[in-house]
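Asks: Sharing work13.txt, compact mmCIF, N, CA and C atoms:
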# COMPACT_ATOMS: atom_id res chain seq x y z
N TYR A 1 66.08 82.69 68.01
CA TYR A 1 66.19 82.61 66.56
C TYR A 1 66.87 81.30 66.19
N SER A 2 66.36 80.65 65.21
CA SER A 2 66.86 79.35 64.79
C SER A 2 67.75 79.48 63.56
N THR A 3 68.89 78.85 63.59
CA THR A 3 69.73 78.82 62.40
C THR A 3 69.30 77.72 61.43
N VAL A 4 68.23 77.00 61.78
CA VAL A 4 67.65 76.04 60.84
C VAL A 4 66.65 76.75 59.94
N THR A 5 65.84 77.64 60.54
CA THR A 5 64.79 78.32 59.79
C THR A 5 65.07 79.80 59.54
N ALA A 6 66.06 80.36 60.23
CA ALA A 6 66.40 81.78 60.15
C ALA A 6 65.24 82.66 60.59
N THR A 7 64.46 82.17 61.55
CA THR A 7 63.32 82.90 62.09
C THR A 7 63.31 82.75 63.61
N PRO A 8 62.52 83.60 64.29
CA PRO A 8 62.36 83.41 65.73
C PRO A 8 61.74 82.04 66.02
N ILE A 9 62.10 81.47 67.16
CA ILE A 9 61.58 80.15 67.50
C ILE A 9 61.19 80.12 68.97
N ASN A 10 60.09 79.48 69.25
CA ASN A 10 59.63 79.30 70.62
C ASN A 10 60.48 78.20 71.26
N GLY A 11 60.90 78.41 72.49
CA GLY A 11 61.72 77.42 73.18
C GLY A 11 61.09 76.05 73.27
N LYS A 12 59.76 75.99 73.29
CA LYS A 12 59.07 74.70 73.36
C LYS A 12 59.25 73.89 72.07
N ALA A 13 59.61 74.57 70.99
CA ALA A 13 59.80 73.89 69.70
C ALA A 13 61.16 73.21 69.61
N LEU A 14 62.01 73.41 70.60
CA LEU A 14 63.35 72.81 70.57
C LEU A 14 63.30 71.38 71.08
N ASP A 15 62.59 70.57 70.35
CA ASP A 15 62.43 69.16 70.72
C ASP A 15 63.39 68.29 69.91
N ALA A 16 63.28 67.00 70.07
CA ALA A 16 64.19 66.08 69.39
C ALA A 16 64.11 66.23 67.87
N GLU A 17 62.90 66.44 67.34
CA GLU A 17 62.75 66.60 65.89
C GLU A 17 63.49 67.84 65.40
N TYR A 18 63.39 68.94 66.17
CA TYR A 18 64.11 70.16 65.79
C TYR A 18 65.61 69.89 65.75
N TRP A 19 66.16 69.27 66.78
CA TRP A 19 67.61 69.05 66.83
C TRP A 19 68.05 68.06 65.76
N TYR A 20 67.18 67.14 65.38
CA TYR A 20 67.49 66.24 64.27
C TYR A 20 67.62 67.06 62.98
N ARG A 21 66.68 67.97 62.76
CA ARG A 21 66.75 68.86 61.58
C ARG A 21 68.01 69.71 61.64
N ASN A 22 68.35 70.16 62.84
CA ASN A 22 69.52 70.99 63.02
C ASN A 22 70.79 70.26 62.57
N LEU A 23 70.84 68.97 62.81
CA LEU A 23 72.00 68.18 62.40
C LEU A 23 71.98 67.85 60.91
N ARG A 24 70.80 67.74 60.32
CA ARG A 24 70.67 67.26 58.94
C ARG A 24 70.63 68.38 57.90
N GLU A 25 70.22 69.57 58.30
CA GLU A 25 70.04 70.65 57.33
C GLU A 25 71.18 71.66 57.43
N PRO A 26 71.39 72.45 56.39
CA PRO A 26 72.46 73.46 56.43
C PRO A 26 72.21 74.50 57.52
N VAL A 27 73.26 74.99 58.08
CA VAL A 27 73.18 76.07 59.06
C VAL A 27 72.97 77.37 58.30
N ARG A 28 71.93 78.10 58.65
CA ARG A 28 71.59 79.36 57.97
C ARG A 28 72.00 80.53 58.86
N PHE A 29 73.24 80.53 59.27
CA PHE A 29 73.74 81.54 60.20
C PHE A 29 73.63 82.94 59.62
N HIS A 30 74.10 83.13 58.40
CA HIS A 30 74.06 84.45 57.76
C HIS A 30 72.62 84.96 57.63
N ASP A 31 71.72 84.09 57.19
CA ASP A 31 70.31 84.47 57.07
C ASP A 31 69.72 84.84 58.43
N THR A 32 70.11 84.10 59.46
CA THR A 32 69.59 84.35 60.80
C THR A 32 70.08 85.70 61.33
N ILE A 33 71.34 86.03 61.10
CA ILE A 33 71.87 87.33 61.52
C ILE A 33 71.12 88.45 60.81
N HIS A 34 70.84 88.28 59.53
CA HIS A 34 70.09 89.31 58.79
C HIS A 34 68.67 89.45 59.35
N THR A 35 68.04 88.34 59.72
CA THR A 35 66.71 88.41 60.33
C THR A 35 66.78 89.14 61.66
N LEU A 36 67.80 88.84 62.45
CA LEU A 36 67.98 89.52 63.73
C LEU A 36 68.16 91.03 63.52
N GLN A 37 68.95 91.40 62.52
CA GLN A 37 69.16 92.82 62.24
C GLN A 37 67.86 93.49 61.81
N THR A 38 67.09 92.82 60.97
CA THR A 38 65.81 93.37 60.54
C THR A 38 64.89 93.60 61.73
N ASP A 39 65.01 92.73 62.74
CA ASP A 39 64.19 92.86 63.95
C ASP A 39 64.81 93.81 64.98
N GLY A 40 65.91 94.49 64.60
CA GLY A 40 66.47 95.52 65.46
C GLY A 40 67.64 95.11 66.33
N HIS A 41 68.15 93.90 66.19
CA HIS A 41 69.27 93.44 67.00
C HIS A 41 70.58 93.72 66.25
N THR A 42 71.46 94.49 66.89
CA THR A 42 72.70 94.87 66.20
C THR A 42 73.96 94.62 67.02
N LEU A 43 73.82 94.15 68.24
CA LEU A 43 74.97 93.90 69.10
C LEU A 43 74.89 92.48 69.63
N TYR A 44 75.99 91.74 69.48
CA TYR A 44 76.00 90.33 69.84
C TYR A 44 77.18 90.03 70.75
N LEU A 45 76.95 89.15 71.71
CA LEU A 45 77.99 88.67 72.61
C LEU A 45 78.24 87.22 72.28
N GLU A 46 79.44 86.92 71.78
CA GLU A 46 79.76 85.54 71.42
C GLU A 46 80.34 84.83 72.64
N THR A 47 79.64 83.82 73.07
CA THR A 47 80.08 83.05 74.24
C THR A 47 80.55 81.68 73.77
N SER A 48 81.78 81.61 73.40
CA SER A 48 82.38 80.35 72.97
C SER A 48 83.84 80.33 73.40
N PRO A 49 84.46 79.16 73.44
CA PRO A 49 85.85 79.09 73.88
C PRO A 49 86.82 79.83 72.97
N HIS A 50 86.43 80.04 71.74
CA HIS A 50 87.26 80.80 70.81
C HIS A 50 86.32 81.51 69.84
N PRO A 51 86.44 82.81 69.68
CA PRO A 51 85.45 83.58 68.92
C PRO A 51 85.52 83.37 67.41
N VAL A 52 85.03 82.25 66.95
CA VAL A 52 85.08 81.95 65.51
C VAL A 52 83.94 82.60 64.73
N LEU A 53 82.84 82.94 65.41
CA LEU A 53 81.70 83.53 64.70
C LEU A 53 81.73 85.05 64.69
N THR A 54 82.59 85.65 65.49
CA THR A 54 82.65 87.10 65.58
C THR A 54 82.88 87.74 64.22
N THR A 55 83.81 87.23 63.46
CA THR A 55 84.11 87.80 62.14
C THR A 55 82.91 87.68 61.21
N ALA A 56 82.25 86.53 61.21
CA ALA A 56 81.08 86.35 60.35
C ALA A 56 79.97 87.33 60.71
N ILE A 57 79.81 87.60 62.00
CA ILE A 57 78.78 88.56 62.42
C ILE A 57 79.18 89.96 61.99
N GLN A 58 80.44 90.31 62.18
CA GLN A 58 80.90 91.65 61.82
C GLN A 58 80.82 91.91 60.33
N GLU A 59 80.89 90.87 59.51
CA GLU A 59 80.77 91.03 58.06
C GLU A 59 79.37 91.48 57.65
N THR A 60 78.41 91.37 58.56
CA THR A 60 77.04 91.82 58.28
C THR A 60 76.80 93.23 58.81
N ASN A 61 77.88 93.93 59.16
CA ASN A 61 77.82 95.30 59.71
C ASN A 61 77.19 95.36 61.10
N ALA A 62 77.23 94.28 61.83
CA ALA A 62 76.78 94.27 63.22
C ALA A 62 78.01 94.28 64.12
N HIS A 63 77.80 94.55 65.38
CA HIS A 63 78.89 94.52 66.36
C HIS A 63 78.86 93.17 67.08
N ALA A 64 80.01 92.54 67.16
CA ALA A 64 80.12 91.26 67.86
C ALA A 64 81.25 91.38 68.88
N ILE A 65 80.94 91.05 70.11
CA ILE A 65 81.91 91.12 71.20
C ILE A 65 82.25 89.69 71.61
N PRO A 66 83.50 89.28 71.48
CA PRO A 66 83.87 87.94 71.94
C PRO A 66 84.05 87.93 73.46
N THR A 67 83.80 86.80 74.09
CA THR A 67 83.99 86.71 75.54
C THR A 67 85.33 86.06 75.89
N LEU A 68 85.64 84.97 75.25
CA LEU A 68 86.86 84.24 75.57
C LEU A 68 87.77 84.20 74.36
N ARG A 69 89.02 84.04 74.61
CA ARG A 69 90.00 83.90 73.53
C ARG A 69 90.93 82.75 73.89
N ARG A 70 91.43 82.10 72.89
CA ARG A 70 92.35 81.00 73.13
C ARG A 70 93.50 81.48 74.02
N ASP A 71 93.77 80.75 75.08
CA ASP A 71 94.81 81.07 76.06
C ASP A 71 94.54 82.35 76.84
N HIS A 72 93.33 82.90 76.74
CA HIS A 72 92.97 84.09 77.51
C HIS A 72 91.53 83.96 78.01
N GLY A 73 91.17 82.81 78.51
CA GLY A 73 89.80 82.57 78.95
C GLY A 73 89.64 82.75 80.44
N ASP A 74 90.10 83.89 80.95
CA ASP A 74 90.04 84.10 82.38
C ASP A 74 89.00 85.16 82.73
N THR A 75 88.88 85.44 84.02
CA THR A 75 87.92 86.43 84.50
C THR A 75 88.20 87.80 83.91
N GLN A 76 89.46 88.16 83.79
CA GLN A 76 89.83 89.46 83.23
C GLN A 76 89.29 89.63 81.81
N GLN A 77 89.39 88.58 81.00
CA GLN A 77 88.88 88.65 79.62
C GLN A 77 87.37 88.80 79.61
N LEU A 78 86.68 88.07 80.48
CA LEU A 78 85.22 88.19 80.54
C LEU A 78 84.82 89.60 80.98
N LEU A 79 85.48 90.15 81.99
CA LEU A 79 85.18 91.51 82.44
C LEU A 79 85.45 92.54 81.33
N THR A 80 86.51 92.33 80.56
CA THR A 80 86.81 93.21 79.44
C THR A 80 85.67 93.17 78.41
N SER A 81 85.15 91.99 78.14
CA SER A 81 84.04 91.85 77.20
C SER A 81 82.79 92.56 77.72
N LEU A 82 82.51 92.42 78.99
CA LEU A 82 81.35 93.10 79.58
C LEU A 82 81.54 94.62 79.55
N ALA A 83 82.76 95.08 79.80
CA ALA A 83 83.04 96.51 79.72
C ALA A 83 82.85 97.02 78.29
N THR A 84 83.22 96.21 77.32
CA THR A 84 83.02 96.58 75.92
C THR A 84 81.53 96.69 75.61
N LEU A 85 80.73 95.78 76.14
CA LEU A 85 79.27 95.90 75.98
C LEU A 85 78.77 97.21 76.57
N TRP A 86 79.31 97.57 77.73
CA TRP A 86 78.91 98.81 78.38
C TRP A 86 79.22 100.01 77.51
N THR A 87 80.38 99.99 76.83
CA THR A 87 80.73 101.12 75.96
C THR A 87 79.81 101.19 74.74
N HIS A 88 79.10 100.10 74.44
CA HIS A 88 78.14 100.09 73.33
C HIS A 88 76.71 100.38 73.81
N GLY A 89 76.56 100.75 75.08
CA GLY A 89 75.25 101.17 75.56
C GLY A 89 74.48 100.16 76.38
N LEU A 90 74.99 98.96 76.56
CA LEU A 90 74.30 97.98 77.41
C LEU A 90 74.84 98.08 78.82
N THR A 91 74.00 97.76 79.79
CA THR A 91 74.41 97.86 81.18
C THR A 91 74.39 96.48 81.83
N PRO A 92 75.54 95.86 81.96
CA PRO A 92 75.59 94.59 82.69
C PRO A 92 75.19 94.81 84.15
N ASN A 93 74.78 93.78 84.82
CA ASN A 93 74.43 93.85 86.23
C ASN A 93 75.74 93.84 87.03
N TRP A 94 76.39 95.01 87.11
CA TRP A 94 77.72 95.09 87.73
C TRP A 94 77.74 94.61 89.18
N PRO A 95 76.77 94.97 90.03
CA PRO A 95 76.84 94.47 91.42
C PRO A 95 76.84 92.94 91.49
N ALA A 96 76.06 92.29 90.63
CA ALA A 96 76.03 90.83 90.64
C ALA A 96 77.33 90.25 90.12
N ILE A 97 77.95 90.94 89.20
CA ILE A 97 79.18 90.44 88.59
C ILE A 97 80.39 90.70 89.49
N LEU A 98 80.45 91.87 90.11
CA LEU A 98 81.64 92.27 90.85
C LEU A 98 81.60 91.93 92.34
N THR A 99 80.43 91.58 92.87
CA THR A 99 80.34 91.20 94.27
C THR A 99 80.90 89.80 94.44
N PRO A 100 81.88 89.67 95.33
CA PRO A 100 82.44 88.33 95.52
C PRO A 100 81.38 87.37 96.05
N ASN A 101 81.40 86.19 95.54
CA ASN A 101 80.45 85.16 95.96
C ASN A 101 81.06 84.38 97.12
N THR A 102 81.15 85.06 98.26
CA THR A 102 81.75 84.45 99.44
C THR A 102 80.63 84.00 100.37
N PRO A 103 80.58 82.73 100.70
CA PRO A 103 79.52 82.27 101.60
C PRO A 103 79.72 82.84 103.01
N THR A 104 78.61 83.06 103.71
CA THR A 104 78.66 83.54 105.08
C THR A 104 79.02 82.38 105.99
N PRO A 105 80.03 82.55 106.85
CA PRO A 105 80.40 81.46 107.74
C PRO A 105 79.27 81.13 108.71
N THR A 106 79.13 79.89 109.05
CA THR A 106 78.13 79.42 110.00
C THR A 106 78.84 78.97 111.26
N ASN A 107 78.34 79.43 112.39
CA ASN A 107 78.92 78.99 113.65
C ASN A 107 78.56 77.54 113.90
N LEU A 108 79.56 76.74 114.15
CA LEU A 108 79.34 75.32 114.42
C LEU A 108 79.39 75.09 115.93
N PRO A 109 78.69 74.05 116.40
CA PRO A 109 78.72 73.76 117.84
C PRO A 109 80.13 73.39 118.29
N THR A 110 80.42 73.76 119.53
CA THR A 110 81.72 73.46 120.09
C THR A 110 81.84 71.99 120.44
N TYR A 111 80.75 71.41 120.95
CA TYR A 111 80.77 70.01 121.39
C TYR A 111 79.75 69.22 120.56
N PRO A 112 79.98 67.92 120.37
CA PRO A 112 79.05 67.11 119.58
C PRO A 112 77.63 67.10 120.11
N PHE A 113 77.42 67.28 121.42
CA PHE A 113 76.08 67.21 121.98
C PHE A 113 75.32 68.53 121.86
N GLN A 114 76.01 69.59 121.42
CA GLN A 114 75.33 70.89 121.25
C GLN A 114 74.70 70.94 119.85
N HIS A 115 73.38 70.82 119.79
CA HIS A 115 72.68 70.81 118.51
C HIS A 115 72.09 72.18 118.16
N HIS A 116 72.09 73.11 119.06
CA HIS A 116 71.49 74.44 118.80
C HIS A 116 72.56 75.50 118.98
Any chance you could put this one into structure tokens?

Replies:
Amino acid sequence: YSTVTATPINGKALDAEYWYRNLREPVRFHDTIHTLQTDGHTLYLETSPHPVLTTAIQETNAHAIPTLRRDHGDTQQLLTSLATLWTHGLTPNWPAILTPNTPTPTNLPTYPFQHH
């Protein structure tokens, strides 16, 4: 959805001309949220360093979940946001999120001449 047109937009349309319009024209954030609601979207995850849009979204009677907060932008805050989404009926990919991303150790040769 584009905040330039307040309508759905194809990703291929996000060219230089679109971004030029985005800089030159008013942001239609409120109109875009209403279009999203009309199309059945009622829950939003705000991914920004500080949740400045959450209040504006909530003023439209939608649910907005912030991810980060000033001075609280850690893993715990992100997990709390994902848990909040879960309480609203969405299911994050918990195994992908909670599984540690630890690389598997590789056995290295003992001597420089051992290549296998």

Asks: Could you name the residues that touch Thr35 in chain A at 7 Å or less, counting all atoms listed in the file, but leaving out those on the same chain fewer than 6 positions away, as a list in words?

Replies: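 After dropping sequence-adjacent residues, the list is Ala6, Thr7 and His41 of chain A.
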
Asks: Please provide as a ChimeraX atom specification all residues within 12 Å of Ile9 in chain A, with the sequence filter that same-chain residues fewer than 5 positions apart are discarded (counting only C-alpha atoms).

Replies: /A:1-4,14-15,18,32,36

Asks: Enter the distance from atom N of Arg70 in chain A to CA of Leu45 in chain A, in Å, rounded to one decimal.

Replies: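 It comes out at 15.0 Å.
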
Asks: Which polymer residues have any atom within 8 Å of an atom of range 59-63 of chain A, counting only N, CA and C atoms, with same-chain residues fewer than 2 positions away left out, as number ranges by chain?

Replies: A: 30, 33-34, 37, 41-46, 53-57, 65-66

Asks: Determine which residues of chain A DSSP labels as helix (DSSP H, G or I) from the backbone of this structure, then write them out as a ChimeraX atom specification.

Replies: /A:11-13,16-24,29-38,54-58,75-87,94-98

Asks: Contacts of Thr91 in chain A at 8 Å or less, counting only N, CA and C atoms, minus same-chain residues fewer than 5 places along, as a list in words?

Replies: Leu82, Leu85 and Trp86 of chain A

Asks: Between CA of Asp74 in chain A and CA of Pro105 in chain A, what is the distance in Å, rounded to a tenth?

Replies: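 So the two atoms, CA of Asp74 in chain A and CA of Pro105 in chain A, lie 27.3 Å apart.
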
Asks: In Å, with one decimal, what is the gap from CA of Pro95 in chain A to CA of Thr47 in chain A?

Replies: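 Distance between the two atoms: 20.9 Å.
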
Asks: Restrict the output to range 8-114 of chain A and C-alpha atoms, then write it as a short mmCIF file (atom, residue, chain, number, x, y, z; two decimals), in the first residue's frame.

Replies:
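Ended up saving to selection-v2.cif:
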data_model
loop_
_atom_site.label_atom_id
_atom_site.label_comp_id
_atom_site.auth_asym_id
_atom_site.auth_seq_id
_atom_site.Cartn_x
_atom_site.Cartn_y
_atom_site.Cartn_z
CA PRO A 8 -2.32 -1.05 -3.07
CA ILE A 9 0.82 -0.82 -5.18
CA ASN A 10 2.80 -3.35 -7.17
CA GLY A 11 6.42 -3.57 -6.06
CA LYS A 12 7.56 -3.04 -9.65
CA ALA A 13 6.00 0.44 -9.52
CA LEU A 14 8.45 1.53 -6.81
CA ASP A 15 10.78 3.16 -9.29
CA ALA A 16 12.62 6.48 -9.18
CA GLU A 17 9.53 8.38 -10.37
CA TYR A 18 7.45 6.90 -7.54
CA TRP A 19 10.02 7.86 -4.90
CA TYR A 20 10.27 11.35 -6.39
CA ARG A 21 6.48 11.69 -5.97
CA ASN A 22 6.83 10.29 -2.46
CA LEU A 23 9.17 13.14 -1.57
CA ARG A 24 7.15 15.87 -3.31
CA GLU A 25 3.56 14.99 -2.40
CA PRO A 26 1.82 14.88 0.99
CA VAL A 27 1.94 11.65 2.93
CA ARG A 28 -1.54 10.12 2.97
CA PHE A 29 -0.92 7.89 5.96
CA HIS A 30 -4.41 8.22 7.47
CA ASP A 31 -6.08 7.52 4.12
CA THR A 32 -3.82 4.51 3.58
CA ILE A 33 -4.68 3.03 6.99
CA HIS A 34 -8.38 3.42 6.19
CA THR A 35 -7.86 1.67 2.84
CA LEU A 36 -6.03 -1.14 4.62
CA GLN A 37 -8.89 -1.47 7.11
CA THR A 38 -11.45 -1.56 4.30
CA ASP A 39 -9.42 -4.40 2.77
CA GLY A 40 -9.55 -6.31 6.08
CA HIS A 41 -6.21 -5.41 7.69
CA THR A 42 -6.61 -4.51 11.36
CA LEU A 43 -3.33 -5.44 13.06
CA TYR A 44 -0.05 -3.67 12.38
CA LEU A 45 3.53 -4.20 13.51
CA GLU A 46 5.51 -0.97 13.60
CA THR A 47 9.15 -1.62 12.87
CA SER A 48 10.94 1.61 13.64
CA PRO A 49 13.52 2.74 16.19
CA HIS A 50 10.81 4.57 18.10
CA PRO A 51 7.08 3.87 17.68
CA VAL A 52 5.89 7.26 16.46
CA LEU A 53 3.19 5.91 14.14
CA THR A 54 1.59 3.53 16.64
CA THR A 55 -0.64 6.23 18.12
CA ALA A 56 -1.78 7.44 14.69
CA ILE A 57 -2.71 3.88 13.74
CA GLN A 58 -4.55 3.28 17.00
CA GLU A 59 -6.59 6.46 16.44
CA THR A 60 -8.20 4.65 13.50
CA ASN A 61 -9.43 1.85 15.83
CA ALA A 62 -6.80 -0.58 14.58
CA HIS A 63 -4.26 -2.43 16.71
CA ALA A 64 -0.64 -1.35 16.39
CA ILE A 65 2.19 -3.24 18.05
CA PRO A 66 5.51 -1.39 18.38
CA THR A 67 8.72 -3.41 18.08
CA LEU A 68 11.38 -1.12 19.51
CA ARG A 69 11.31 1.64 22.06
CA ARG A 70 13.82 4.33 22.81
CA ASP A 71 16.46 2.85 25.16
CA HIS A 72 14.71 -0.55 24.96
CA GLY A 73 15.67 -1.81 21.51
CA ASP A 74 16.90 -5.21 22.55
CA THR A 75 15.97 -8.81 21.81
CA GLN A 76 13.67 -8.93 24.84
CA GLN A 77 11.60 -6.03 23.48
CA LEU A 78 11.33 -7.66 20.05
CA LEU A 79 10.24 -10.97 21.60
CA THR A 80 7.65 -9.11 23.70
CA SER A 81 6.25 -7.54 20.52
CA LEU A 82 6.06 -10.92 18.80
CA ALA A 83 4.33 -12.40 21.86
CA THR A 84 1.82 -9.55 21.71
CA LEU A 85 1.12 -10.41 18.07
CA TRP A 86 0.54 -14.00 19.18
CA THR A 87 -2.03 -12.86 21.74
CA HIS A 88 -3.85 -11.11 18.86
CA GLY A 89 -4.09 -14.35 16.87
CA LEU A 90 -1.00 -14.28 14.66
CA THR A 91 1.55 -17.05 14.86
CA PRO A 92 5.17 -15.99 14.48
CA ASN A 93 7.59 -18.65 13.26
CA TRP A 94 8.77 -19.43 16.81
CA PRO A 95 11.29 -22.17 15.90
CA ALA A 96 13.05 -19.80 13.49
CA ILE A 97 13.01 -17.00 16.04
CA LEU A 98 14.00 -18.96 19.15
CA THR A 99 16.53 -21.39 17.65
CA PRO A 100 20.00 -20.05 18.27
CA ASN A 101 21.83 -19.25 15.07
CA THR A 102 24.99 -21.08 16.05
CA PRO A 103 27.17 -22.23 13.17
CA THR A 104 28.26 -25.87 13.12
CA PRO A 105 31.98 -26.17 13.83
CA THR A 106 34.12 -27.49 10.98
CA ASN A 107 37.03 -29.77 11.64
CA LEU A 108 40.20 -28.16 10.38
CA PRO A 109 43.29 -30.09 9.25
CA THR A 110 45.92 -30.67 11.88
CA TYR A 111 48.83 -30.03 9.52
CA PRO A 112 49.12 -27.58 6.60
CA PHE A 113 49.64 -30.43 4.10
CA GLN A 114 46.38 -32.18 5.07
#
